[in-house]
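Participant: Data file work_8.txt (compact mmCIF, C-alpha atoms) is appended below.
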# COMPACT_ATOMS: atom_id res chain seq x y z
CA MET A 1 22.74 -35.31 -13.23
CA THR A 2 24.79 -37.63 -15.42
CA GLN A 3 24.85 -37.23 -19.15
CA LEU A 4 23.32 -40.24 -20.87
CA SER A 5 24.54 -41.16 -24.28
CA ASP A 6 23.66 -44.85 -24.50
CA PRO A 7 20.21 -45.24 -26.18
CA ILE A 8 19.32 -48.10 -23.81
CA GLU A 9 20.20 -45.92 -20.85
CA ILE A 10 18.15 -43.05 -22.30
CA GLN A 11 15.19 -45.40 -22.82
CA GLN A 12 15.57 -46.79 -19.28
CA ASP A 13 15.75 -43.30 -17.83
CA ALA A 14 12.63 -42.22 -19.72
CA ASN A 15 10.79 -45.33 -18.53
CA ARG A 16 11.92 -44.77 -14.98
CA ARG A 17 10.61 -41.20 -15.08
CA LYS A 18 7.35 -42.38 -16.64
CA THR A 19 6.90 -45.05 -13.97
CA ARG A 20 7.53 -42.48 -11.26
CA MET A 21 4.88 -40.20 -12.79
CA ILE A 22 2.42 -43.09 -12.97
CA ALA A 23 3.10 -44.04 -9.36
CA ALA A 24 2.57 -40.40 -8.36
CA GLY A 25 -0.69 -40.42 -10.34
CA GLY A 26 -1.71 -43.57 -8.48
CA ILE A 27 -1.02 -41.91 -5.12
CA LEU A 28 -2.93 -38.74 -6.04
CA GLY A 29 -5.84 -40.77 -7.40
CA ALA A 30 -5.95 -42.92 -4.27
CA LEU A 31 -5.90 -39.76 -2.12
CA GLY A 32 -8.71 -38.28 -4.21
CA ALA A 33 -10.77 -41.43 -3.81
CA SER A 34 -10.22 -41.49 -0.05
CA ALA A 35 -10.62 -37.71 0.45
CA CYS A 36 -14.38 -37.92 0.86
CA CYS A 37 -14.56 -40.79 3.21
CA ILE A 38 -11.39 -42.03 4.83
CA VAL A 39 -9.39 -38.80 5.27
CA PRO A 40 -12.08 -36.86 7.23
CA LEU A 41 -12.46 -39.73 9.65
CA ILE A 42 -8.71 -39.98 10.25
CA LEU A 43 -8.48 -36.20 10.75
CA MET A 44 -11.43 -36.25 13.18
CA SER A 45 -9.82 -39.09 15.13
CA LEU A 46 -6.68 -36.94 15.41
CA GLY A 47 -8.74 -34.08 16.76
CA ILE A 48 -8.44 -32.04 13.55
CA SER A 49 -11.85 -30.72 12.64
CA GLY A 50 -13.70 -27.84 11.07
CA ALA A 51 -16.56 -27.00 8.75
CA TRP A 52 -14.26 -27.84 5.80
CA ILE A 53 -14.61 -31.52 6.77
CA GLY A 54 -18.02 -31.30 5.09
CA ASN A 55 -16.31 -30.07 1.90
CA LEU A 56 -14.14 -33.17 1.83
CA THR A 57 -17.12 -35.46 2.27
CA ALA A 58 -18.89 -33.54 -0.50
CA MET A 59 -16.35 -35.16 -2.86
CA ALA A 60 -18.15 -38.49 -2.40
CA PRO A 61 -19.94 -38.31 -5.80
CA TYR A 62 -16.54 -38.07 -7.56
CA LYS A 63 -15.16 -41.12 -5.78
CA PRO A 64 -15.95 -43.59 -8.62
CA ILE A 65 -14.09 -41.35 -11.09
CA PHE A 66 -11.03 -41.25 -8.83
CA ILE A 67 -11.22 -45.02 -8.40
CA VAL A 68 -11.27 -45.65 -12.16
CA ILE A 69 -8.38 -43.23 -12.78
CA THR A 70 -6.34 -44.75 -9.96
CA LEU A 71 -6.92 -48.32 -11.14
CA GLY A 72 -5.77 -47.23 -14.60
CA PHE A 73 -2.58 -45.69 -13.19
CA LEU A 74 -1.94 -48.70 -10.96
CA GLY A 75 -2.55 -51.22 -13.73
CA TYR A 76 -0.11 -49.45 -16.02
CA GLY A 77 2.33 -48.85 -13.14
CA PHE A 78 2.39 -52.51 -12.10
CA TRP A 79 2.78 -53.56 -15.72
CA MET A 80 5.74 -51.20 -16.11
CA VAL A 81 7.42 -52.49 -12.95
CA TYR A 82 6.60 -56.19 -12.93
CA ARG A 83 6.19 -57.08 -16.61
CA LYS A 84 8.24 -59.92 -17.95
CA PRO A 85 11.43 -58.86 -19.68
CA LYS A 86 11.36 -59.31 -23.42
CA ASP A 87 14.17 -61.02 -25.21
CA CYS A 88 16.15 -58.27 -26.77
CA ALA A 89 18.80 -58.16 -29.35
CA GLN A 90 22.18 -56.82 -28.43
CA GLY A 91 22.14 -53.06 -28.24
CA GLU A 92 18.41 -52.74 -28.80
CA ALA A 93 16.58 -50.22 -26.69
CA CYS A 94 14.18 -52.75 -25.22
CA ALA A 95 12.95 -52.05 -21.77
CA ARG A 96 13.58 -54.29 -18.81
CA PRO A 97 11.51 -54.32 -15.63
CA LEU A 98 12.40 -51.32 -13.55
CA PRO A 99 13.59 -52.24 -10.11
CA ASN A 100 12.66 -49.27 -7.98
CA THR A 101 11.75 -49.61 -4.32
CA VAL A 102 10.19 -46.14 -4.06
CA VAL A 103 7.93 -46.72 -7.06
CA LYS A 104 6.98 -50.21 -5.87
CA THR A 105 6.19 -48.90 -2.38
CA ALA A 106 4.09 -46.10 -3.90
CA LEU A 107 2.20 -48.55 -6.13
CA TRP A 108 1.51 -51.02 -3.32
CA GLY A 109 0.63 -48.20 -0.91
CA SER A 110 -1.84 -46.77 -3.41
CA THR A 111 -3.25 -50.26 -3.94
CA VAL A 112 -3.95 -50.60 -0.23
CA VAL A 113 -5.55 -47.14 -0.04
CA ILE A 114 -7.70 -47.63 -3.15
CA THR A 115 -8.83 -51.05 -1.87
CA LEU A 116 -9.87 -49.42 1.40
CA ALA A 117 -11.65 -46.65 -0.54
CA ILE A 118 -13.54 -49.17 -2.71
CA PHE A 119 -14.73 -51.25 0.23
CA TRP A 120 -15.06 -48.34 2.68
CA GLY A 121 -18.85 -48.66 2.76
CA SER A 122 -18.45 -52.07 4.41
CA ILE A 123 -15.36 -51.22 6.45
CA ALA A 124 -16.54 -47.88 7.90
CA PRO A 125 -19.20 -49.28 10.29
CA THR A 126 -16.48 -51.32 12.00
CA VAL A 127 -13.53 -48.93 11.80
CA ALA A 128 -15.22 -45.54 12.33
CA PRO A 129 -16.52 -46.18 15.87
CA ILE A 130 -13.03 -47.37 16.88
CA LEU A 131 -11.31 -44.34 15.32
CA LEU A 132 -13.76 -41.85 16.82
CA GLY A 133 -14.20 -43.66 20.12
CA LEU A 134 -17.96 -43.95 19.67
CA MET B 1 -57.52 -23.05 54.08
CA LYS B 2 -55.79 -20.15 52.34
CA ASN B 3 -52.50 -21.06 53.98
CA LYS B 4 -52.82 -24.68 52.86
CA LEU B 5 -53.48 -23.53 49.32
CA SER B 6 -50.43 -21.27 49.42
CA ILE B 7 -48.27 -24.18 50.55
CA VAL B 8 -49.60 -26.37 47.72
CA VAL B 9 -48.90 -23.63 45.17
CA LEU B 10 -45.43 -23.05 46.61
CA VAL B 11 -44.56 -26.76 46.57
CA GLY B 12 -46.02 -27.05 43.08
CA THR B 13 -43.91 -24.13 41.87
CA LEU B 14 -40.78 -25.63 43.39
CA PHE B 15 -41.24 -28.95 41.62
CA ALA B 16 -42.73 -27.66 38.38
CA GLY B 17 -39.33 -27.04 36.81
CA PRO B 18 -37.85 -30.53 37.25
CA VAL B 19 -41.12 -32.16 36.17
CA PHE B 20 -41.11 -30.46 32.76
CA ALA B 21 -37.34 -30.65 32.28
CA GLY B 22 -35.70 -33.89 31.31
CA GLU B 23 -34.88 -36.11 28.40
CA GLN B 24 -35.87 -35.00 24.93
CA THR B 25 -35.68 -36.85 21.65
CA VAL B 26 -35.21 -34.76 18.56
CA THR B 27 -34.76 -35.76 14.92
CA PHE B 28 -32.45 -33.62 12.81
CA ASP B 29 -32.38 -33.47 9.04
CA VAL B 30 -28.73 -33.63 7.94
CA PRO B 31 -28.85 -33.44 4.12
CA GLY B 32 -25.07 -33.43 3.57
CA MET B 33 -24.61 -36.80 5.21
CA TYR B 34 -24.25 -39.06 2.16
CA CYS B 35 -20.96 -40.91 2.54
CA ALA B 36 -20.08 -43.97 4.59
CA SER B 37 -18.13 -41.95 7.17
CA CYS B 38 -20.57 -39.03 7.43
CA PRO B 39 -22.96 -40.44 10.05
CA PHE B 40 -20.04 -41.28 12.32
CA ILE B 41 -18.63 -37.77 12.02
CA VAL B 42 -22.06 -36.29 12.85
CA GLU B 43 -22.52 -38.72 15.76
CA SER B 44 -19.10 -37.80 17.10
CA ALA B 45 -19.73 -34.03 16.80
CA MET B 46 -23.26 -34.04 18.26
CA GLY B 47 -22.32 -36.60 20.91
CA ALA B 48 -19.53 -34.31 22.15
CA VAL B 49 -22.08 -31.67 23.20
CA GLU B 50 -22.53 -31.76 26.95
CA GLY B 51 -25.96 -33.07 27.85
CA VAL B 52 -26.36 -35.21 24.75
CA LEU B 53 -27.16 -38.75 25.83
CA SER B 54 -27.21 -40.54 22.49
CA VAL B 55 -27.01 -39.85 18.77
CA ASP B 56 -28.15 -42.22 16.08
CA ALA B 57 -27.32 -40.92 12.60
CA ASP B 58 -28.63 -42.73 9.56
CA VAL B 59 -26.98 -42.29 6.17
CA ASP B 60 -29.99 -43.66 4.24
CA THR B 61 -32.57 -41.25 5.63
CA ARG B 62 -29.92 -38.53 6.24
CA THR B 63 -31.31 -37.94 9.69
CA ALA B 64 -29.91 -37.98 13.19
CA VAL B 65 -32.00 -38.90 16.21
CA VAL B 66 -30.61 -37.20 19.30
CA VAL B 67 -31.59 -37.85 22.89
CA PHE B 68 -30.49 -35.08 25.22
CA GLU B 69 -30.98 -33.61 28.66
CA ASP B 70 -32.78 -30.32 28.05
CA THR B 71 -31.46 -28.80 31.27
CA ALA B 72 -27.90 -29.16 29.98
CA THR B 73 -28.21 -28.29 26.31
CA ASN B 74 -30.63 -27.32 23.55
CA VAL B 75 -31.34 -28.12 19.90
CA ASP B 76 -29.48 -25.04 18.66
CA LEU B 77 -26.24 -26.08 20.33
CA ILE B 78 -26.56 -29.62 18.98
CA ALA B 79 -27.29 -28.38 15.45
CA GLN B 80 -24.34 -25.96 15.69
CA ALA B 81 -22.01 -28.83 16.65
CA SER B 82 -22.99 -30.54 13.40
CA VAL B 83 -22.57 -27.31 11.39
CA ASP B 84 -19.09 -26.92 12.90
CA VAL B 85 -17.96 -30.14 11.20
CA GLY B 86 -19.56 -29.12 7.91
CA TYR B 87 -23.00 -30.69 8.13
CA ASP B 88 -26.02 -28.40 8.23
CA ALA B 89 -28.62 -29.79 10.56
CA SER B 90 -32.20 -28.66 11.01
CA ILE B 91 -34.81 -29.97 13.39
CA ILE B 92 -37.62 -31.94 11.78
CA GLN B 93 -39.28 -33.61 14.72
CA ASP B 94 -39.53 -32.98 18.43
CA LYS B 95 -41.02 -35.43 20.87
CA SER B 96 -40.43 -35.07 24.58
Output the structure of this file as structure tokens.
Facilitator:
Amino acid sequence: MTQLSDPIEIQQDANRRKTRMIAAGGILGALGASACCIVPLILMSLGISGAWIGNLTAMAPYKPIFIVITLGFLGYGFWMVYRKPKDCAQGEACARPLPNTVVKTALWGSTVVITLAIFWGSIAPTVAPILLGL
Amino acid sequence: MKNKLSIVVLVGTLFAGPVFAGEQTVTFDVPGMYCASCPFIVESAMGAVEGVLSVDADVDTRTAVVVFEDTATNVDLIAQASVDVGYDASIIQDKS
């Protein structure tokens, strides 16, 4: 861990940490939204099964909440990563876009998962029989 | 005459079993089946029971119509298969 003394560096480091937290929130939210519907099907297709599968699907009523939370995290996350850089005065602690492959991958990955979760009602009838070999 | 009657009874007894056994259609109530993936999970679980010919689970009515060979399996085994993946199933209709 390097010692940061430059205020811009400190600001950048704080933003980087914040973005990472937001991306992690996005991933967790996307997992929560897919827990009821996508995850059990994938586990079943892998031969992993048990009565607890029903507990996962019982999370279905909370899916809209997870979707809203995730979209919030993703919106803020994308804004943090892809926003346009502001003109800043020399030495001012203004934030630049944060180039971070891990965070970007996490954000885009969560976007894919949350999109699947949102439209799962329409996707499932096509995908589920293939996954389960029905 | 008595001998003939005995033969008829004997033949009848021999074939009585297969005549009554066969395909049965049963409708199960599966109340926990309320997500998009649920009916497919139930279909997969019930369909894996030996002797089950077809399963048609419906998320709207939360029921599963199962056609099975009653010489190979029974409603309890089919319901248990559903319970094993977390969905309680109880029989609501039975038509042979």
Participant: Could you tell me how far CA of Ser54 (chain B) lies from CA of Met59 (chain A), in Å and to one decimal?
Facilitator: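 If I compute the distance from CA of Ser54 (chain B) to CA of Met59 (chain A), I get 28.1 Å.
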Participant: Which residues of chain A come within 9 Å of chain B, and what is each one's closest atom pair and distance in Å (one decimal), counting all atoms listed in the file, sorted by chain and residue number, as a tab-separated table?
Facilitator:
residue	atom	partner	partner_atom	distance
A:Cys36	CA	B:Cys35	CA	7.4
A:Cys37	CA	B:Ser37	CA	5.5
A:Ile38	CA	B:Ser37	CA	7.1
A:Pro40	CA	B:Ser37	CA	7.9
A:Leu41	CA	B:Ser37	CA	6.6
A:Met44	CA	B:Ile41	CA	7.4
A:Ser49	CA	B:Val85	CA	6.3
A:Gly50	CA	B:Val85	CA	4.8
A:Ala51	CA	B:Gly86	CA	3.8
A:Trp52	CA	B:Gly86	CA	5.8
A:Ile53	CA	B:Gly86	CA	5.6
A:Gly54	CA	B:Gly86	CA	3.9
A:Asn55	CA	B:Gly86	CA	6.9
A:Thr57	CA	B:Cys35	CA	6.7
A:Ala58	CA	B:Gly32	CA	7.4
A:Ala60	CA	B:Cys35	CA	6.2
A:Pro61	CA	B:Cys35	CA	8.8
A:Trp120	CA	B:Ala36	CA	6.9
A:Gly121	CA	B:Ala36	CA	5.2
A:Ser122	CA	B:Ala36	CA	8.3
A:Ile123	CA	B:Ala36	CA	8.8
A:Ala124	CA	B:Ser37	CA	6.2
A:Pro125	CA	B:Ala36	CA	7.8
A:Ala128	CA	B:Phe40	CA	6.4
A:Pro129	CA	B:Phe40	CA	7.0
A:Leu132	CA	B:Ser44	CA	6.7
A:Gly133	CA	B:Ser44	CA	8.2
A:Leu134	CA	B:Ser44	CA	6.8
Participant: So the first atom is CA of Thr71 (chain B) and the second is CA of Gly51 (chain B); what is the distance between them in Å, to one decimal place?
Facilitator: 7.8 Å
Participant: Please provide the set of residues having any atom within 12 Å of Thr25 (chain B), restricted to all atoms listed in the file, with same-chain residues fewer than 4 positions apart removed, written as a ChimeraX atom specification.
Facilitator: /B:52-56,64-70,74-75,78,91-96
Participant: Could you jot down the CA of Leu77 (chain B) to CA of Leu43 (chain A) separation for me, Å, one decimal place?
Facilitator: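 So the answer is 22.6 Å.
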Participant: Please identify all polymer residues within 12 Å of Val102 (chain A), counting all atoms listed in the file, omitting same-chain residues fewer than 3 positions from it, and present them as a list in words.
Facilitator: Arg16, Thr19, Arg20, Met21, Ala23, Ala24, Val81, Leu98, Pro99, Thr105, Ala106, Leu107, Trp108 and Gly109 of chain A
Participant: Rank nothing, just name the residue among A:Asn15, A:Ser45, A:Thr70, A:Asn100 nearest to Val113 (chain A), using only C-alpha atoms.
Facilitator: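 Selected residue with least distance to Val113 (chain A): A:Thr70.
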Participant: Using only C-alpha atoms, which protein or nucleic acid residues come within 10 Å of Ile67 (chain A)? Drop anything in the same chain fewer than 2 positions from it, and give the result as a ChimeraX atom specification.
Facilitator: /A:26,29-34,62-65,69-73,114-115,117-118
